[in-house]
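A.B. asks: I'd like to ask you about the structure that follows.
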Amino acid sequence: MAAACGRLLVQSAATGALGLAARPALTCRCFSSSSPRISSDGKPAKFQPPPKPVIIDKLKQIEERRFLSPEFIPPRGRTDPLKFYIERKDMIQRRKVFNIPEFYVGSVLAVTTADPCADNKASRFVGICIQRGGKGLGATFVLRNVIEDQGVEICYELYNPRIQAIEVLKLEKRLDDNLMYLRDALPEYSTFDVNMKPVTRLDHEEIPVNKLQVRMKPKPWSKRWERPKYNIKGIKFELPENKMKEAQKWSQPWLEFDMLREYDTSKIEEKIWKEVSEALKK
């Protein structure tokens, strides 16, 4: 009897030991999600941590994308900086009471001006901006539209007190900084609905660039747009090959090496940007 009890104790102890020895293996199997990766040479691959998540701060993007209206930058040959400083003060005061939105050459705008001869004492014109010019309070922009098969252009003074509203219907850029060649292009490229609805976009989005190349009317044109001095990228020229070769004779390849021809305005822009942004916050 005693011997039997001893055998039972020995068996129970052995099974307990086996159970304890098997438990860690079971525990490891439960926590191991996948088998270790083995490289081609039979060795386990090195541990590679997961990539860090990229956090995009949209508010910071808005702050980084700054737009300084070109009329704030004085011309290269300025002789009286005090004049432009006084004009900037007047321009800032005007912007505090009147919203002048961000727009570029190629954007579609709707401008409402006071007109004593109109029924509602105001007139509204919709068109594409084909040119921006002037500095300071003399800044201007030109809108063009084709109405009843007739090209209509209006040159507005940006700080004219008769302007009641400037609405950006479609904010975009073009391949060229001057679209005066639309006068010689087909009318379809300058035709816009007077009741056009604004195209919505997010504030942090980049300004789209419209890479449209327009087709021209048959010659004669107002200017020889095919010549290299105009550096036109937005025209799809359909001239004979000999005419294009003849236009290349007027090229001036030495101009790209003229360092004094470029007007570096980075430092002036930074200074004026701080001045304008601080003044508008007051």
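Lettering and numbering for the structure tokens are positional, with chains as A, B, ... in the shown order, residues counted from 1 in each chain, and ligands counted from 1 in the shown order.
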What's around stretch 65-69 of chain A at 8 Å? Count only C-alpha atoms, leave out sequence neighbours fewer than 4 positions away in its own chain, and write the answer as a ChimeraX atom specification.

C.D. replies: /A:61,73,102,269,273

A.B. asks: Please provide as a CSV table (one decimal) with C-alpha atoms, in the first residue's frame all residues within 9 Å of A:Leu182, with the sequence filter that same-chain residues fewer than 2 positions apart are discarded (counting only C-alpha atoms).

C.D. replies:
```csv
chain,number,residue,atom,x,y,z
A,130,ILE,CA,-4.7,89.6,-68.8
A,144,ARG,CA,-11.1,90.9,-70.9
A,179,LEU,CA,-1.9,87.5,-71.6
A,180,MET,CA,-2.2,90.4,-74.0
A,184,ASP,CA,-5.1,87.8,-81.3
A,185,ALA,CA,-6.3,84.4,-80.1
A,186,LEU,CA,-9.6,82.7,-80.9
A,187,PRO,CA,-12.6,84.3,-79.1
A,189,TYR,CA,-10.3,81.6,-74.9
A,190,SER,CA,-11.6,85.0,-73.8
A,214,VAL,CA,-4.3,78.9,-77.1
A,216,MET,CA,-4.3,82.1,-82.7
```

A.B. asks: Stretch 160-175 of chain A: which residues within 7 Å, counting only C-alpha atoms, same-chain residues fewer than 6 positions away excluded, as a PyMOL selection string?

C.D. replies: chain A and resi 100+103-114+197-199+207-211+233-234

A.B. asks: What residues in stretch 23-255 of chain A get the DSSP label strand (DSSP E)? Please answer as a ChimeraX atom specification.

C.D. replies: /A:108-114,122-133,140-147,150-157,163-170,173-174,209-210

A.B. asks: Those same residues - C-alpha atoms - I'd like them written as a PDB file, in the first residue's frame.

C.D. replies:
```pdb
ATOM      1  CA  VAL A 108     -11.257  85.139 -63.639  1.00  0.00           C
ATOM      2  CA  LEU A 109     -12.622  88.132 -61.702  1.00  0.00           C
ATOM      3  CA  ALA A 110     -15.881  89.997 -61.269  1.00  0.00           C
ATOM      4  CA  VAL A 111     -15.527  93.707 -60.495  1.00  0.00           C
ATOM      5  CA  THR A 112     -18.409  95.897 -59.319  1.00  0.00           C
ATOM      6  CA  THR A 113     -17.972  99.646 -59.700  1.00  0.00           C
ATOM      7  CA  ALA A 114     -20.159 102.634 -58.909  1.00  0.00           C
ATOM      8  CA  ALA A 122     -23.527 100.018 -60.042  1.00  0.00           C
ATOM      9  CA  SER A 123     -22.112  97.947 -62.920  1.00  0.00           C
ATOM     10  CA  ARG A 124     -20.529  94.500 -62.789  1.00  0.00           C
ATOM     11  CA  PHE A 125     -18.019  93.141 -65.299  1.00  0.00           C
ATOM     12  CA  VAL A 126     -16.681  89.580 -65.512  1.00  0.00           C
ATOM     13  CA  GLY A 127     -13.476  88.760 -67.342  1.00  0.00           C
ATOM     14  CA  ILE A 128     -10.045  87.175 -67.271  1.00  0.00           C
ATOM     15  CA  CYS A 129      -7.117  89.193 -65.945  1.00  0.00           C
ATOM     16  CA  ILE A 130      -4.698  89.585 -68.841  1.00  0.00           C
ATOM     17  CA  GLN A 131      -2.302  92.137 -67.337  1.00  0.00           C
ATOM     18  CA  ARG A 132      -1.211  93.660 -64.040  1.00  0.00           C
ATOM     19  CA  GLY A 133       0.855  96.825 -64.027  1.00  0.00           C
ATOM     20  CA  THR A 140      -3.835  98.642 -62.473  1.00  0.00           C
ATOM     21  CA  PHE A 141      -5.243  95.407 -63.875  1.00  0.00           C
ATOM     22  CA  VAL A 142      -6.997  94.647 -67.155  1.00  0.00           C
ATOM     23  CA  LEU A 143     -10.000  92.337 -67.563  1.00  0.00           C
ATOM     24  CA  ARG A 144     -11.067  90.919 -70.930  1.00  0.00           C
ATOM     25  CA  ASN A 145     -14.244  89.203 -72.063  1.00  0.00           C
ATOM     26  CA  VAL A 146     -15.970  88.566 -75.382  1.00  0.00           C
ATOM     27  CA  ILE A 147     -19.585  89.786 -75.273  1.00  0.00           C
ATOM     28  CA  GLN A 150     -17.062  91.695 -79.508  1.00  0.00           C
ATOM     29  CA  GLY A 151     -13.900  91.781 -77.382  1.00  0.00           C
ATOM     30  CA  VAL A 152     -14.284  94.081 -74.379  1.00  0.00           C
ATOM     31  CA  GLU A 153     -11.415  95.146 -72.134  1.00  0.00           C
ATOM     32  CA  ILE A 154     -11.586  97.341 -69.035  1.00  0.00           C
ATOM     33  CA  CYS A 155      -8.548  98.694 -67.218  1.00  0.00           C
ATOM     34  CA  TYR A 156      -9.218  99.179 -63.488  1.00  0.00           C
ATOM     35  CA  GLU A 157      -7.194 101.108 -60.967  1.00  0.00           C
ATOM     36  CA  ILE A 163     -14.616  99.999 -56.981  1.00  0.00           C
ATOM     37  CA  GLN A 164     -17.196  98.479 -54.661  1.00  0.00           C
ATOM     38  CA  ALA A 165     -16.221  94.796 -54.825  1.00  0.00           C
ATOM     39  CA  ILE A 166     -13.604  92.511 -56.375  1.00  0.00           C
ATOM     40  CA  GLU A 167     -14.666  88.868 -56.488  1.00  0.00           C
ATOM     41  CA  VAL A 168     -12.376  86.030 -57.577  1.00  0.00           C
ATOM     42  CA  LEU A 169     -14.464  83.530 -59.525  1.00  0.00           C
ATOM     43  CA  LYS A 170     -11.582  81.244 -60.484  1.00  0.00           C
ATOM     44  CA  LYS A 173      -2.167  81.088 -62.925  1.00  0.00           C
ATOM     45  CA  ARG A 174      -1.108  80.757 -66.550  1.00  0.00           C
ATOM     46  CA  VAL A 209      -1.291  76.557 -63.020  1.00  0.00           C
ATOM     47  CA  ASN A 210      -3.394  76.279 -66.161  1.00  0.00           C
TER      48      ASN A 210
END
```

A.B. asks: With distances taken over only C-alpha atoms, which residue among A:Asn231, A:Asp177, A:Tyr159, A:Gln48 lies nearest A:Gln93?

C.D. replies: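 Closest to A:Gln93, using only C-alpha atoms: A:Tyr159.
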
A.B. asks: Find the residue from A:Pro44, A:Gly136, A:Pro253, A:Pro49 that sits nearest to A:Ile92; use only C-alpha atoms when measuring.

C.D. replies: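 Closest to A:Ile92 of all the choices is A:Gly136.
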
A.B. asks: List as a ChimeraX atom specification the protein and nucleic acid residues near stretch 245-252 of chain A, meaning an atom at most 12 Å away when only C-alpha atoms are counted, but skip any in the same chain fewer than 5 places from it.

C.D. replies: /A:224-231,237,239-240,257-258

A.B. asks: Write out as a ChimeraX atom specification all residues of stretch 80-265 of chain A that backbone DSSP assigns to alpha helix (DSSP H).

C.D. replies: /A:81-97,241-247

A.B. asks: Write the residues of the selection above to a file with N, CA, C and O atoms, as an mmCIF file, in the first residue's frame.

C.D. replies:
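The resulting file, again_23.cif, is reproduced below:
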```cif
data_model
loop_
_atom_site.group_PDB
_atom_site.id
_atom_site.type_symbol
_atom_site.label_atom_id
_atom_site.label_comp_id
_atom_site.auth_asym_id
_atom_site.auth_seq_id
_atom_site.Cartn_x
_atom_site.Cartn_y
_atom_site.Cartn_z
ATOM 1 N N PRO A 81 12.520 106.651 -51.962
ATOM 2 C CA PRO A 81 11.855 105.609 -51.174
ATOM 3 C C PRO A 81 10.771 106.157 -50.251
ATOM 4 O O PRO A 81 9.832 105.447 -49.914
ATOM 5 N N LEU A 82 10.884 107.428 -49.834
ATOM 6 C CA LEU A 82 9.869 108.003 -48.955
ATOM 7 C C LEU A 82 8.505 108.053 -49.647
ATOM 8 O O LEU A 82 7.461 107.854 -49.003
ATOM 9 N N LYS A 83 8.503 108.297 -50.941
ATOM 10 C CA LYS A 83 7.249 108.352 -51.702
ATOM 11 C C LYS A 83 6.515 107.015 -51.607
ATOM 12 O O LYS A 83 5.307 106.974 -51.351
ATOM 13 N N PHE A 84 7.242 105.913 -51.833
ATOM 14 C CA PHE A 84 6.601 104.609 -51.802
ATOM 15 C C PHE A 84 6.211 104.219 -50.371
ATOM 16 O O PHE A 84 5.225 103.501 -50.171
ATOM 17 N N TYR A 85 6.950 104.701 -49.384
ATOM 18 C CA TYR A 85 6.590 104.424 -47.986
ATOM 19 C C TYR A 85 5.265 105.099 -47.633
ATOM 20 O O TYR A 85 4.392 104.483 -46.996
ATOM 21 N N ILE A 86 5.087 106.349 -48.064
ATOM 22 C CA ILE A 86 3.831 107.057 -47.794
ATOM 23 C C ILE A 86 2.673 106.404 -48.552
ATOM 24 O O ILE A 86 1.555 106.266 -48.034
ATOM 25 N N GLU A 87 2.949 105.969 -49.792
ATOM 26 C CA GLU A 87 1.897 105.308 -50.559
ATOM 27 C C GLU A 87 1.489 103.988 -49.908
ATOM 28 O O GLU A 87 0.310 103.619 -49.913
ATOM 29 N N ARG A 88 2.449 103.262 -49.354
ATOM 30 C CA ARG A 88 2.114 101.992 -48.694
ATOM 31 C C ARG A 88 1.192 102.231 -47.509
ATOM 32 O O ARG A 88 0.291 101.426 -47.239
ATOM 33 N N LYS A 89 1.384 103.325 -46.789
ATOM 34 C CA LYS A 89 0.494 103.653 -45.674
ATOM 35 C C LYS A 89 -0.943 103.850 -46.165
ATOM 36 O O LYS A 89 -1.907 103.349 -45.551
ATOM 37 N N ASP A 90 -1.096 104.565 -47.277
ATOM 38 C CA ASP A 90 -2.430 104.765 -47.839
ATOM 39 C C ASP A 90 -3.022 103.457 -48.357
ATOM 40 O O ASP A 90 -4.226 103.206 -48.220
ATOM 41 N N MET A 91 -2.189 102.611 -48.959
ATOM 42 C CA MET A 91 -2.664 101.333 -49.481
ATOM 43 C C MET A 91 -3.136 100.418 -48.347
ATOM 44 O O MET A 91 -4.154 99.715 -48.477
ATOM 45 N N ILE A 92 -2.423 100.440 -47.238
ATOM 46 C CA ILE A 92 -2.823 99.614 -46.087
ATOM 47 C C ILE A 92 -4.141 100.117 -45.505
ATOM 48 O O ILE A 92 -5.025 99.308 -45.147
ATOM 49 N N GLN A 93 -4.309 101.426 -45.413
ATOM 50 C CA GLN A 93 -5.567 101.978 -44.907
ATOM 51 C C GLN A 93 -6.733 101.603 -45.825
ATOM 52 O O GLN A 93 -7.840 101.316 -45.347
ATOM 53 N N ARG A 94 -6.492 101.596 -47.118
ATOM 54 C CA ARG A 94 -7.540 101.193 -48.058
ATOM 55 C C ARG A 94 -7.896 99.721 -47.876
ATOM 56 O O ARG A 94 -9.072 99.342 -47.914
ATOM 57 N N ARG A 95 -6.911 98.879 -47.672
ATOM 58 C CA ARG A 95 -7.163 97.450 -47.512
ATOM 59 C C ARG A 95 -7.868 97.136 -46.191
ATOM 60 O O ARG A 95 -8.491 96.066 -46.065
ATOM 61 N N LYS A 96 -7.757 98.005 -45.209
ATOM 62 C CA LYS A 96 -8.447 97.769 -43.946
ATOM 63 C C LYS A 96 -9.963 97.918 -44.075
ATOM 64 O O LYS A 96 -10.716 97.281 -43.331
ATOM 65 N N VAL A 97 -10.405 98.750 -45.000
ATOM 66 C CA VAL A 97 -11.837 98.999 -45.173
ATOM 67 C C VAL A 97 -12.390 98.352 -46.442
ATOM 68 O O VAL A 97 -13.603 98.309 -46.633
ATOM 69 N N GLU A 241 7.410 76.123 -90.913
ATOM 70 C CA GLU A 241 8.722 75.922 -90.294
ATOM 71 C C GLU A 241 9.691 77.043 -90.655
ATOM 72 O O GLU A 241 10.482 77.484 -89.824
ATOM 73 N N ASN A 242 9.626 77.541 -91.877
ATOM 74 C CA ASN A 242 10.541 78.617 -92.276
ATOM 75 C C ASN A 242 10.253 79.908 -91.509
ATOM 76 O O ASN A 242 11.161 80.693 -91.210
ATOM 77 N N LYS A 243 8.980 80.157 -91.149
ATOM 78 C CA LYS A 243 8.643 81.345 -90.378
ATOM 79 C C LYS A 243 9.183 81.234 -88.945
ATOM 80 O O LYS A 243 9.677 82.225 -88.375
ATOM 81 N N MET A 244 9.117 80.050 -88.371
ATOM 82 C CA MET A 244 9.641 79.867 -87.021
ATOM 83 C C MET A 244 11.168 79.986 -86.998
ATOM 84 O O MET A 244 11.746 80.545 -86.062
ATOM 85 N N LYS A 245 11.825 79.501 -88.049
ATOM 86 C CA LYS A 245 13.281 79.640 -88.124
ATOM 87 C C LYS A 245 13.670 81.102 -88.307
ATOM 88 O O LYS A 245 14.672 81.565 -87.747
ATOM 89 N N GLU A 246 12.899 81.829 -89.080
ATOM 90 C CA GLU A 246 13.187 83.246 -89.274
ATOM 91 C C GLU A 246 13.009 84.027 -87.975
ATOM 92 O O GLU A 246 13.759 84.971 -87.694
ATOM 93 N N ALA A 247 12.032 83.626 -87.154
ATOM 94 C CA ALA A 247 11.825 84.301 -85.873
ATOM 95 C C ALA A 247 12.979 84.066 -84.911
ATOM 96 O O ALA A 247 13.302 84.928 -84.086
#
```

A.B. asks: Can you work out which one of A:Pro75, A:Pro116, A:Gly134, A:Pro51 has the shortest atom-to-atom distance to A:Ile268, counting only C-alpha atoms?

C.D. replies: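 Ranked by minimum distance to A:Ile268, first place goes to A:Pro75.
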
A.B. asks: I'd like the interatomic distance between atom CA of A:Arg201 and atom CA of A:Ser277, to a tenth of an Å.

C.D. replies: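 So the two atoms, atom CA of A:Arg201 and atom CA of A:Ser277, lie 23.4 Å apart.
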